[in-house]
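Take a look at the structure set out below.
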Amino acid sequence: MSNNNFTLSRNLVRNLSIISLSFLLLYGASRVMFPTPASDISTTTPQNKQVAVFAGGCFWGMEAVFEHLNGVSDVVSGFSGGDATTADYTLVSSGFTNHAESVKITYDPSKISYDQLLKVYFLVAHDPTQLNRQGPDSGRQYRSVIFFANNKQKQEAQKYIDQLNQQKIFNKQIVTEVSPLQGFYQAEEYHQNYIVRNPDSRYVVANDLPKLAKLETTFPEIYTK
């Protein structure tokens with residue numbers, strides 16, 4: 001399928017989303033207070049910038065959410081889980097590569113912790129209970145994955161998933177994978193800052209702008225315009 005035809009087909013499916021339902025029934029989360037990770041890392045000690053890589057559906061919305069966090073200096077849309085030879089949007093969109101649409105987040109841990117990023121990831125950025133899909137997008141390329149860069153990230157991610165499941169924060173079990181980061185490949189330029197460039201896109205209006213609104217109201221202490 002050509003990139004143009006695929007994009008058209010993808011947009012037609014995306015346009016079926018209904019804004020009002022998207023966040024009234026946000027991801028099936030129960031109405032209890034969303035917990036803070038039990039072992040939240042202190043943000044008081046200055047350290048070098050670090051990187052987190054998350055996947056959870058279309059990278060357009062994921063990128064926009066994390067770009068609006070104080071302490072995050074850069075977010076890049078790309079692919080992770082496969083190799084360089086298949087890190088191409090058309091190939092990844094076929095669903096036959098090992099890649100997932102992902103974002104690479106560069107952050108200052110003296111301003112925002114990895115665990116705070118996890119909290120935003122699970123509550124705002126995507127639905128961690130949807131298997132190989134996210135909203136109107138289906139396929140393994142839209143799976144929920146935390147790609148850990150080191151053993152500390154692995155432990156924190158798995159511990160938080162266990163905590164959320166034990167407290168039954170969601171109505172379903174979390175299906176988020178925790179996998180080693182073996183490479184991140186930047187997506188084509190037209191995917192970068194997509195929401196800024198296309199704020200009136202029907203897909204963006206239905207699926208992504210509500211996430212930004214929820215981020216601002218739920219995490220005002222770390223939200224930044």
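Residues in the structure tokens are numbered from 1 in each chain, the chains being A, B, ... in the order shown, and ligands are numbered from 1 in the order shown.
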Using 6 Å as the limit and counting only C-alpha atoms, can you tabulate each residue of stretch 102-139 of chain A that touches stretch 71-80 of chain A, with its shortest atom-to-atom distance in Å and the two atoms involved, as a Markdown table?
```
| residue | atom | partner | partner_atom | distance |
| --- | --- | --- | --- | --- |
| A:Ser102 | CA | A:Phe79 | CA | 5.2 |
| A:Val103 | CA | A:Ser77 | CA | 4.6 |
| A:Lys104 | CA | A:Val76 | CA | 5.2 |
| A:Ile105 | CA | A:Val75 | CA | 4.6 |
| A:Thr106 | CA | A:Asp74 | CA | 5.1 |
| A:Tyr107 | CA | A:Val72 | CA | 4.2 |
| A:Asp108 | CA | A:Gly71 | CA | 5.3 |
| A:Lys111 | CA | A:Gly71 | CA | 4.9 |
| A:Ile112 | CA | A:Gly71 | CA | 5.4 |
```
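Candidate residues A:Lys172, A:Gln158, A:Ala125, A:Leu164 were compared for distance to A:Ala213, and the nearest is A:Ala125, using only C-alpha atoms.
Taking atom CA of A:Lys119 as the reference point, atom CA of A:His99 is found at 23.5 Å.
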Within 9 Å of A:Lys225 using only C-alpha atoms, minus same-chain residues under 6 positions, as a PyMOL selection string: chain A and resi 67-70+216
Separation of atom CA of A:Thr90 from atom CA of A:Thr129, in Å and rounded to one decimal: 26.0 Å
For A:Glu101: contacts at 9 Å, only C-alpha atoms, fewer than 3 positions along chain excluded, given as number ranges by chain: A: 54-59, 77-80, 89, 92-93, 141-143, 187
